[in-house]
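Asker: My structure is below; once you've seen it, I'll send some questions.
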Protein chains: 2
Amino acid sequence: MSVPTPPPAPAALSGQEIQELDAHWRAANYLAVGQIYLMANPLLREPLRPEHIKPRLLGHWGTSPGLNLLHTHLNRIVKQRDLDAICVWGPGHGGPAVLANSWLEGSYSETYPDVSRDAEGMAKLFRQFSFPGGVPSHVAPETPGSIHEGGELGYALSHAYGAALDNPGLLVACVIGDGEAETGPLAASWHGNKFLDPVHDGAVLPVLHLNGYKIANPTVLARLPEDELDALLRGYGHEPLYVSGQDPLAVHQAMATALDTAVERIAAIQQAAREDGATGRPAWPMIVLRTPKGWTGPAQVDGVPVEGTWRAHQVPLDRVRDNPTHLAQLEAWLRSYRPEELFDTTGRPVPGVLACVPDGTRRLGANPHTNGGLLLRGLPLAPLERHAVPVDKPGATLHEPTRILGDLLEQVMAATAERRDFRLVGPDETASNRLQAVYAAAGKAWQAGTVPTDEHLAHDGRVMEILSEHTCQGWLEGYLLTGRHGLFSCHEAFVHIVDSMVNQHIKWLRTTRQIPWRAPIASLNYLLTSHAWRQDHNGFSHQDPGFVDHVLNKSPEAVRVYFPPDANTLLVTADHVLRSRDYVNVVVAGKQPCFDWLTLDEARVHCARGAGVWEWAGTDDGTREPDVVLACAGDVPTQEVIAAAGLLRRHLPDLALRVVNVVDLARLMPAEEHPHGMPDTEFDALFTRDRPVVFAYHGYPWLIHRLAYRRAVHPQLHVRGYKESGTTTTPFDMVVRNDLDRYRLVMDVIDRTPGLAVRAAAVRQRMADQRARHHDWIREHGTDLPEVADWTWGS
Amino acid sequence: MSVPTPPPAPAALSGQEIQELDAHWRAANYLAVGQIYLMANPLLREPLRPEHIKPRLLGHWGTSPGLNLLHTHLNRIVKQRDLDAICVWGPGHGGPAVLANSWLEGSYSETYPDVSRDAEGMAKLFRQFSFPGGVPSHVAPETPGSIHEGGELGYALSHAYGAALDNPGLLVACVIGDGEAETGPLAASWHGNKFLDPVHDGAVLPVLHLNGYKIANPTVLARLPEDELDALLRGYGHEPLYVSGQDPLAVHQAMATALDTAVERIAAIQQAAREDGATGRPAWPMIVLRTPKGWTGPAQVDGVPVEGTWRAHQVPLDRVRDNPTHLAQLEAWLRSYRPEELFDTTGRPVPGVLACVPDGTRRLGANPHTNGGLLLRGLPLAPLERHAVPVDKPGATLHEPTRILGDLLEQVMAATAERRDFRLVGPDETASNRLQAVYAAAGKAWQAGTVPTDEHLAHDGRVMEILSEHTCQGWLEGYLLTGRHGLFSCHEAFVHIVDSMVNQHIKWLRTTRQIPWRAPIASLNYLLTSHAWRQDHNGFSHQDPGFVDHVLNKSPEAVRVYFPPDANTLLVTADHVLRSRDYVNVVVAGKQPCFDWLTLDEARVHCARGAGVWEWAGTDDGTREPDVVLACAGDVPTQEVIAAAGLLRRHLPDLALRVVNVVDLARLMPAEEHPHGMPDTEFDALFTRDRPVVFAYHGYPWLIHRLAYRRAVHPQLHVRGYKESGTTTTPFDMVVRNDLDRYRLVMDVIDRTPGLAVRAAAVRQRMADQRARHHDWIREHGTDLPEVADWTWGS
């Protein structure tokens, strides 16, 4: 992309500006140290004594001075240029720094009035940090201005890109610690710049903070030769600007120059794209900030170097309460910031300290993009009638459910073409998952080169495809957290790649739900497809239905799991989850042709209930308890259960058979354990208290036991599901290998229903014979038995 | 690193050499297409008819010609230079290619004699591919010469580095597809070259195969401008060699030249380090191979371009059975390789085709490093007496269990100093996890720059620390799969980062256990520490005990889970898992001071049983059924259960209380579901059939229900565990927040034991008062109640 000649070098800071920036930085450093150590005497009005020190010294000093430096300088440039900017603080261990800055700028006291911006509030700020009943040690949901839980590392940059998408006026700074930079998810996310549209999206300004060390080791990037690091960052598509040093005043000047240069470069890129029609991919600026770990902290402790080494990572002086030397060192360290110059007699920051701080919602701790629910608008969803498939009778027609969902997503894409607040992400599987109808309304975001045979690539596309589940997840999280909507479509087996990311997101949601000032955000919606039961091109490596188990371990108030059994139920489910807030919704649905069981209206009723009897499939007339219940959750298990019900109706017409389908898995849980859980009376009415229940489940069978073990009928519950048996084979062979097939289910019913063993012995033998026939047939023909392949309900 | 001037450019191939290489490549391509399409007429001795075509067309053509090219040329250089080389085939969808090459070189028929290297065997080779009862479509455990399941993407390069470590004579080629290159784990693993010692380790030769597309999209790396890609790869520390083109004969020459250059460059690097004492980090060569996706396949199908586009990804002609044009195109495609020149009348490859193929174990499909169990030697483990802690009486002394384990690991490191077949990996947490004693015997692997304050960094170190759980896991898997030993120490919460990787490894082990020619390999051992209950510096984001749930979903024959409750049981457990084979062992143990409960001999007995009564803690004299069972698994739950037992003994001395500790979690499972599962008789003897059981468990409580739901006592089973409640707080507050504390457990016993409600009402109130006192105390003092902090057994 040809961009205008870089603007002239920014002017140097005046002496007063440097002094004011340094005062702000010293104040933030003072407050960070205070949070780690002090529970009294916050302004050092008296000599420091052991009883002023917290009994448990917790927190991370090492990264704090660097974060404070960046925050100070972001303040300056935001205020000077009236920027709409937020910052993703990757080194989340720097909680003390971000809290200190929020307190300085006033956003903390506005959010938490009891922590006022004065001596009393400072004392509370210090005491509450990492203290029982206080605030966590990380940048956390409780931290004003944060969209990024600072616990696990790796996701800062993808969160930043997600925040910048479709926010053309926003600048998203993103600090990447050199420890975090070693992680895989972070390493992949550098390529986010190939997906960022300079016209419709905002800008991301990565700041690689090389303080040299992680917990106990040097970092890879900090120890690269300079030319190698420069090549790497240019290879990532960036123009690096370097800020290095340990003389604070020189670093202030260098940092201000780098930020000015970066912001002007970004403006030039955006102007070229937006006004001059430039379409090439620009080299976005980034900053490399090299400062010592634990900068301005104790140079040595007990005779060994600390500042500038990994030893500064957590608490540099760790025996302050009982070691007078440590205590004296701490006092000298705190006084080195000259607090008496920074805070007035009431403990308030003096005007010079606050000279760099912007006003109102321009403050990093008060920007509404970091409390995205404030900006959220409901999606313009059309009536489902537009997309529903006609169903004259159950099990007679076939549709690919995800293809029908693709029509719905196309409508959402089209309806948000102007608003640009909906994105579809996935690891290069949108078409594979049969959602490609969306391309009619929105292309695939792509800023890299193109060739004539490419299809659907577009600078302004809102379908995001990169072969990195981590990056997809990070983008979507950043997008949702800043007040927009989206859906992640993923192969079921490989969504485990983001297990740990979704953990953190659910923890974020669990926490924000309890924070009054956090407005609800759109749910994170997964469509898991290409699931375990249909991996014809792949096999055993692509079979894992355990993501549901994983998310159901997390806080129930934030987790929902759906198994729509056909196209119309998938539509109803999708409509529901796209309207929901503050959940992680997991929707599991196949892409292969699937029988249509329910009309749209029936699907609405069924999904509203979450689980219900399918009277047409059973022989249970509702006037008496059934002899047996055949239950199912998931599209393939539903098909096998319905086929089994057909066999039972034909061969054992007297059997009172009830067929139950479960869409909303949490309905199986006790009402006191999940908001969707059924009361026992409702559960017993559906599944009975004492009849045999043969349950065909999409995933690992023991999950159903885990959910239902407290129910009266549990001793009678027999679950079939995936049990790690499979390879590259036919669809029906997959269910046979896992004992989930119609013949096996009929045999289960016969084996478990009192009185059937003898009466139905011939039927049972017939089923066993069919299974044997299947085994011979597929090895000969490579396809399923004709009576299976051609089966329809009622045939 | 100063390396001698590069050797002169290798000589050009002769015309005959090129023709022979091309013949081998054409043969491999022919065999790849045949596997995807043909179930009869393998040599095209008759015109192709629909009935020769498989009814289900499955597989991936797109990557195959590139893999075949590389395999052909690896054959050449291995044979010419008698190299000890293996290849990690990242694009696992290229199963047809790797199978084709194995069949050509003869290793396939030696491994599977029924698939002979003749027309009959070729027919079987074709038919079995992706066919029921046949072989999977990916490079898989069944594939000779593979150490890498080709299902999920991202791990090829870290596997390759793992294989090269401590194998100084080995060359590990590694093909990275440009799709895989987008993943986070792969992006991080490029930095493996900062950890590879040119003296003691072998070489890794990455081959970045840019065919331009993933499933349905162009790839990021393929669309970078050449200078940007070059910068990126040099930034990763490599010297890239480029091979591009679509004229086969020219590409053969270029590929041979690049491989010659790379191998000579590697030899020069190794010589400089091994003979001349060079210590700088070299720029290792790598190859960038740009060839069209689906090269030599149909250029167009149905009027749209296929070769060289994403449409060549799977099956380019997909209606061959019922579309005569497709059938004719397929026949022309197959005949374009001129099979009649490649195979003799018996179907055997002609000598010219095999001219490049090396002999015996030099063949890529027969190198014993790819069947690592063949090379495995048992670890030299010393008697545990050397490390055991003395225990005069239970609960009187404290040790940090992982620190004691560190002594054991130091011994293993020292004893393998010459053999070099043991490595410890972890994401920068070895010292944090208190295992730092190992540094006395082995340093931390590090080839990047150093500064004077660094400690324990060593070119030849065998402790591997990088802040990437993915890379740690990949390195260790590669190391184990090639016949060595290791242990992965990881913060418990963040091991979920590798959930999907461990899935694939367990699937590999499950499968190899059923393959007679695969020799058992050392188990993959996890030490999960810094666990959910002690995250003082961190908090909610660092709490997740669900990895155990995740692995217990997988094949039970390959999974073991241990919760040693103290230092000596951890030693016994570690000794056991380090001797075991073909498992994934998960050991969960804390690093904080923990009471010593058992002597070494007691620990041996207890661990051998896996679960047992601790008579000294209860009041159950063994002569009658207890009134109640207090059970525990995990170090923190054990401490709380013992403390609760002490309170019960004091306040309710008449209660017959049994205390059960579980080390081996799978013992709770039914014997028919896990090899370690207890028969019901044994379970009932331990836990009773009908007495209340209050079970304090380390992780999510419902896992215990999931394991034990079939037991007679299950209706009486009440489990306490982690339920997503926590933040930065004191250790005891964590257990209180999750209702796992001693006072709550006593209340549970009272509430659930018949007859106690009235008799023990005062005791119950006292417990409730203690909990209330705790709440007030920690908010005031920030530390735990003195009676908790100072508690010892018997105090």
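Residues in the structure tokens are named by chain (A, B, ... in the order shown) and by number from 1 within that chain; ligands are numbered from 1 in the order shown.
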Please report as a tab-separated table every residue of chain A lying within 6 Å of chain B, along with the nearest atom pair and their distance in Å (one decimal), using only C-alpha atoms.
Answerer:
residue	atom	partner	partner_atom	distance
A:Leu58	CA	B:His537	CA	5.2
A:Gly59	CA	B:His537	CA	5.6
A:Ser130	CA	B:Thr728	CA	5.5
A:Phe131	CA	B:Gly782	CA	6.0
A:Pro132	CA	B:Thr729	CA	4.8
A:Pro136	CA	B:Thr728	CA	5.2
A:Ser137	CA	B:Asn538	CA	5.9
A:Gly151	CA	B:Ser541	CA	5.1
A:Glu182	CA	B:Leu467	CA	5.4
A:Thr183	CA	B:Ser468	CA	4.5
A:Gly184	CA	B:Gly184	CA	4.0
A:Pro185	CA	B:Gly184	CA	4.4
A:Ala187	CA	B:Ala187	CA	5.5
A:Ala188	CA	B:Gly184	CA	4.5
A:Arg223	CA	B:Gly449	CA	5.4
A:Glu228	CA	B:Gly235	CA	4.7
A:Leu229	CA	B:Gly235	CA	5.8
A:Ala231	CA	B:Gly235	CA	4.7
A:Leu232	CA	B:Gly235	CA	3.7
A:Gly235	CA	B:Leu232	CA	3.7
A:Gly449	CA	B:Arg223	CA	5.4
A:Leu467	CA	B:Glu182	CA	5.4
A:Ser468	CA	B:Thr183	CA	4.5
A:His496	CA	B:Ser500	CA	5.1
A:Ile497	CA	B:Ser500	CA	5.2
A:Ser500	CA	B:His496	CA	5.1
A:His537	CA	B:Leu58	CA	5.2
A:Asn538	CA	B:Ser137	CA	5.9
A:Ser541	CA	B:Gly151	CA	5.1
A:Arg706	CA	B:Arg706	CA	5.1
A:Thr728	CA	B:Pro136	CA	5.2
A:Thr729	CA	B:Pro132	CA	4.8
A:Arg779	CA	B:Pro132	CA	5.7
A:Gly782	CA	B:Pro132	CA	5.8
Asker: Those selected residues, please, written with N, CA, C and O atoms and delivered as a short mmCIF file (atom, residue, chain, number, x, y, z; two decimals), in the first residue's frame.
Answerer:
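Output contents, as saved in part_31.cif:
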data_model
loop_
_atom_site.label_atom_id
_atom_site.label_comp_id
_atom_site.auth_asym_id
_atom_site.auth_seq_id
_atom_site.Cartn_x
_atom_site.Cartn_y
_atom_site.Cartn_z
N LEU A 58 1.69 -10.15 48.45
CA LEU A 58 1.28 -10.78 47.20
C LEU A 58 1.24 -9.74 46.10
O LEU A 58 0.87 -8.59 46.32
N GLY A 59 1.56 -10.16 44.90
CA GLY A 59 1.45 -9.25 43.76
C GLY A 59 2.70 -9.33 42.90
O GLY A 59 3.64 -10.07 43.19
N SER A 130 -5.26 -7.75 46.66
CA SER A 130 -4.87 -9.12 47.02
C SER A 130 -5.14 -9.41 48.49
O SER A 130 -4.38 -10.13 49.13
N PHE A 131 -6.19 -8.85 49.01
CA PHE A 131 -6.54 -9.02 50.42
C PHE A 131 -7.90 -9.70 50.47
O PHE A 131 -8.76 -9.41 49.63
N PRO A 132 -8.12 -10.57 51.44
CA PRO A 132 -9.43 -11.23 51.51
C PRO A 132 -10.57 -10.21 51.52
O PRO A 132 -10.53 -9.23 52.26
N PRO A 136 -8.81 -8.79 43.12
CA PRO A 136 -7.80 -9.74 42.65
C PRO A 136 -6.50 -9.04 42.27
O PRO A 136 -6.47 -7.82 42.04
N SER A 137 -5.47 -9.81 42.18
CA SER A 137 -4.14 -9.26 41.90
C SER A 137 -3.94 -8.96 40.43
O SER A 137 -2.97 -8.33 40.06
N GLY A 151 -5.18 -13.16 33.62
CA GLY A 151 -4.72 -14.36 34.30
C GLY A 151 -3.84 -15.18 33.39
O GLY A 151 -2.63 -15.20 33.49
N GLU A 182 5.84 -15.57 23.94
CA GLU A 182 6.30 -16.93 23.65
C GLU A 182 5.14 -17.91 23.42
O GLU A 182 5.36 -19.00 22.91
N THR A 183 3.95 -17.53 23.81
CA THR A 183 2.83 -18.47 23.69
C THR A 183 2.41 -18.62 22.23
O THR A 183 2.58 -17.72 21.41
N GLY A 184 1.80 -19.78 21.96
CA GLY A 184 1.32 -20.02 20.61
C GLY A 184 0.20 -19.07 20.19
O GLY A 184 0.26 -18.48 19.10
N PRO A 185 -0.83 -18.93 21.00
CA PRO A 185 -1.92 -18.05 20.58
C PRO A 185 -1.44 -16.64 20.27
O PRO A 185 -1.89 -16.04 19.29
N ALA A 187 1.61 -15.78 19.31
CA ALA A 187 2.46 -15.83 18.11
C ALA A 187 1.60 -15.83 16.85
O ALA A 187 1.93 -15.19 15.85
N ALA A 188 0.48 -16.54 16.90
CA ALA A 188 -0.40 -16.58 15.72
C ALA A 188 -1.12 -15.26 15.51
O ALA A 188 -1.42 -14.87 14.37
N ARG A 223 16.08 -11.84 23.96
CA ARG A 223 17.47 -12.24 23.73
C ARG A 223 17.81 -12.44 22.25
O ARG A 223 18.87 -12.94 21.92
N GLU A 228 17.54 -9.60 14.16
CA GLU A 228 16.64 -10.74 14.04
C GLU A 228 15.25 -10.38 14.55
O GLU A 228 14.23 -10.73 13.92
N LEU A 229 15.20 -9.69 15.66
CA LEU A 229 13.91 -9.23 16.17
C LEU A 229 13.24 -8.30 15.16
O LEU A 229 12.04 -8.41 14.89
N ALA A 231 13.64 -8.22 11.96
CA ALA A 231 13.16 -9.02 10.82
C ALA A 231 11.86 -9.72 11.18
O ALA A 231 10.90 -9.76 10.39
N LEU A 232 11.81 -10.27 12.38
CA LEU A 232 10.60 -10.99 12.80
C LEU A 232 9.39 -10.07 12.79
O LEU A 232 8.33 -10.42 12.26
N GLY A 235 8.48 -9.15 9.42
CA GLY A 235 7.86 -10.33 8.83
C GLY A 235 6.41 -10.49 9.27
O GLY A 235 5.57 -11.00 8.52
N GLY A 449 -2.71 -10.39 -0.34
CA GLY A 449 -2.83 -10.43 -1.79
C GLY A 449 -3.94 -11.34 -2.27
O GLY A 449 -4.40 -12.22 -1.53
N LEU A 467 -6.83 -20.33 10.08
CA LEU A 467 -6.72 -21.69 10.61
C LEU A 467 -6.08 -21.66 12.00
O LEU A 467 -5.04 -22.24 12.25
N SER A 468 -6.74 -20.94 12.87
CA SER A 468 -6.29 -20.84 14.26
C SER A 468 -7.52 -20.64 15.12
O SER A 468 -8.08 -19.55 15.17
N HIS A 496 -11.76 -28.12 21.40
CA HIS A 496 -10.94 -28.29 22.62
C HIS A 496 -9.69 -27.43 22.58
O HIS A 496 -9.09 -27.16 23.63
N ILE A 497 -9.29 -27.02 21.39
CA ILE A 497 -8.12 -26.16 21.29
C ILE A 497 -8.32 -24.89 22.12
O ILE A 497 -7.36 -24.34 22.66
N SER A 500 -9.06 -23.69 27.24
CA SER A 500 -8.56 -22.82 28.30
C SER A 500 -9.03 -21.38 28.08
O SER A 500 -9.28 -20.65 29.05
N HIS A 537 -14.25 -38.16 5.95
CA HIS A 537 -12.95 -37.87 5.35
C HIS A 537 -11.81 -37.97 6.37
O HIS A 537 -10.66 -37.87 5.99
N ASN A 538 -12.16 -38.08 7.63
CA ASN A 538 -11.13 -37.96 8.65
C ASN A 538 -11.05 -39.23 9.49
O ASN A 538 -10.54 -40.23 9.04
N SER A 541 -9.04 -39.30 14.88
CA SER A 541 -8.43 -38.07 15.38
C SER A 541 -9.42 -36.91 15.41
O SER A 541 -9.19 -35.92 16.11
N ARG A 706 -23.86 -37.91 35.15
CA ARG A 706 -23.39 -36.81 35.99
C ARG A 706 -24.49 -35.76 36.19
O ARG A 706 -24.64 -35.19 37.27
N THR A 728 -12.05 -44.02 10.19
CA THR A 728 -12.63 -43.61 8.93
C THR A 728 -13.56 -44.72 8.48
O THR A 728 -13.11 -45.78 8.05
N THR A 729 -14.85 -44.50 8.61
CA THR A 729 -15.80 -45.56 8.23
C THR A 729 -17.13 -44.92 7.86
O THR A 729 -17.25 -43.71 7.77
N ARG A 779 -17.84 -54.39 5.02
CA ARG A 779 -16.51 -54.81 4.58
C ARG A 779 -16.51 -55.23 3.12
O ARG A 779 -15.51 -55.12 2.42
N GLY A 782 -18.43 -51.35 1.44
CA GLY A 782 -17.93 -50.03 1.80
C GLY A 782 -19.02 -49.00 2.01
O GLY A 782 -18.73 -47.81 2.17
#
Asker: Just asking: which residues within region 71-306 of chain A are helix (DSSP H, G or I) according to DSSP, as a PyMOL selection string?
Answerer: chain A and resi 71-81+92-105+107-111+119-128+156-164+180-182+184-194+221-223+226-235+248-274
Asker: At a cut-off of 8 Å, using only C-alpha atoms, what residues contact Leu384 (chain B)? Leave out same-chain residues fewer than 5 positions from it and give the result as a compact mmCIF listing (two decimals) with N, CA, C and O atoms, in the first residue's frame.
Answerer:
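around.txt, freshly written:
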# COMPACT_ATOMS: atom_id res chain seq x y z
N LEU B 408 14.29 -36.24 43.73
CA LEU B 408 14.24 -37.46 42.92
C LEU B 408 14.60 -37.14 41.47
O LEU B 408 15.38 -37.85 40.82
N LEU B 571 6.48 -39.32 46.03
CA LEU B 571 7.68 -40.04 45.58
C LEU B 571 7.32 -41.40 45.00
O LEU B 571 7.81 -41.78 43.92
N VAL B 572 6.50 -42.14 45.72
CA VAL B 572 6.14 -43.48 45.25
C VAL B 572 5.39 -43.39 43.92
O VAL B 572 5.63 -44.18 43.00
N ASP B 575 7.85 -42.47 41.10
CA ASP B 575 8.66 -43.64 40.74
C ASP B 575 7.86 -44.60 39.86
O ASP B 575 8.36 -45.13 38.86
N LEU B 600 7.54 -43.90 54.20
CA LEU B 600 7.76 -44.42 52.85
C LEU B 600 7.12 -45.81 52.69
O LEU B 600 6.46 -46.08 51.68
Asker: Neighbouring residues of Pro564 (chain A) were defined as those with any atom within 10 Å, considering only C-alpha atoms; residues of the same chain fewer than 4 positions away were excluded. Please report them as a PyMOL selection string.
Answerer: chain A and resi 401+568-574+587-590+603+606-607+610+633-635+638+661-664
Asker: Can you work out which one of B:Leu364, B:Val502, B:Val243, B:Leu375 has the shortest atom-to-atom distance to Met255 (chain B), counting only C-alpha atoms?
Answerer: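 Of the candidates, the smallest distance to Met255 (chain B) is held by B:Val243.
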Asker: Which neighbours of Glu340 (chain B) fall inside 10 Å, counting only C-alpha atoms, when residues of the same chain fewer than 6 positions from it are skipped, and could you give them as a count of residues only?
Answerer: 6
Asker: Quick one: everything within 7 Å of His52 (chain B), counting only C-alpha atoms, minus sequence neighbours fewer than 4 positions away in the same chain. Send it as a list of chain:residue names.
Answerer: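 Using only C-alpha atoms, the neighbours found are B:Leu38, B:Met39, B:Ala40, B:Asn41, B:Leu48.
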Asker: Measure the distance from CA of Ala445 (chain B) to CA of Met413 (chain B) in Å and round it to one decimal.
Answerer: 13.3 Å
Asker: Please return, as a VMD selection string, all residues of region 484-553 of chain B that DSSP assigns to strand (DSSP E) on the basis of the backbone.
Answerer: chain B and resid 485 to 491 524 to 529
Asker: Please produce an output containing N, CA and C atoms for each residue in the selection, written as a short mmCIF file (atom, residue, chain, number, x, y, z; two decimals), in the first residue's frame.
Answerer:
data_model
loop_
_atom_site.label_atom_id
_atom_site.label_comp_id
_atom_site.auth_asym_id
_atom_site.auth_seq_id
_atom_site.Cartn_x
_atom_site.Cartn_y
_atom_site.Cartn_z
N HIS B 485 12.38 -40.55 27.82
CA HIS B 485 11.54 -40.36 29.01
C HIS B 485 11.41 -38.88 29.35
N GLY B 486 10.36 -38.56 30.10
CA GLY B 486 10.25 -37.17 30.52
C GLY B 486 9.08 -36.91 31.43
N LEU B 487 9.02 -35.68 31.89
CA LEU B 487 7.95 -35.23 32.78
C LEU B 487 7.64 -33.77 32.46
N PHE B 488 6.37 -33.46 32.51
CA PHE B 488 5.88 -32.10 32.20
C PHE B 488 5.31 -31.55 33.50
N SER B 489 5.94 -30.52 34.02
CA SER B 489 5.37 -29.90 35.22
C SER B 489 4.65 -28.62 34.81
N CYS B 490 3.44 -28.47 35.30
CA CYS B 490 2.58 -27.40 34.78
C CYS B 490 1.65 -26.91 35.86
N HIS B 491 1.37 -25.61 35.86
CA HIS B 491 0.30 -25.10 36.70
C HIS B 491 -0.99 -25.83 36.31
N LEU B 524 3.55 -40.46 29.11
CA LEU B 524 3.61 -39.00 29.21
C LEU B 524 3.13 -38.62 30.61
N ASN B 525 4.05 -38.11 31.40
CA ASN B 525 3.76 -37.84 32.81
C ASN B 525 3.57 -36.36 33.06
N TYR B 526 2.42 -36.03 33.63
CA TYR B 526 2.17 -34.65 34.05
C TYR B 526 2.31 -34.55 35.56
N LEU B 527 3.00 -33.53 36.00
CA LEU B 527 2.88 -33.11 37.39
C LEU B 527 2.09 -31.80 37.38
N LEU B 528 0.87 -31.86 37.86
CA LEU B 528 0.05 -30.63 37.93
C LEU B 528 0.16 -30.08 39.34
N THR B 529 0.68 -28.89 39.43
CA THR B 529 0.88 -28.31 40.75
C THR B 529 0.51 -26.83 40.70
#
Asker: Need the shell around region 169-174 of chain B: protein/DNA/RNA residues with any atom at most 8 Å away, counting only C-alpha atoms. Skip same-chain ones fewer than 2 positions apart. Format as a ChimeraX atom specification?
Answerer: /B:83-90,156-157,160-161,163-164,167,176,201-207
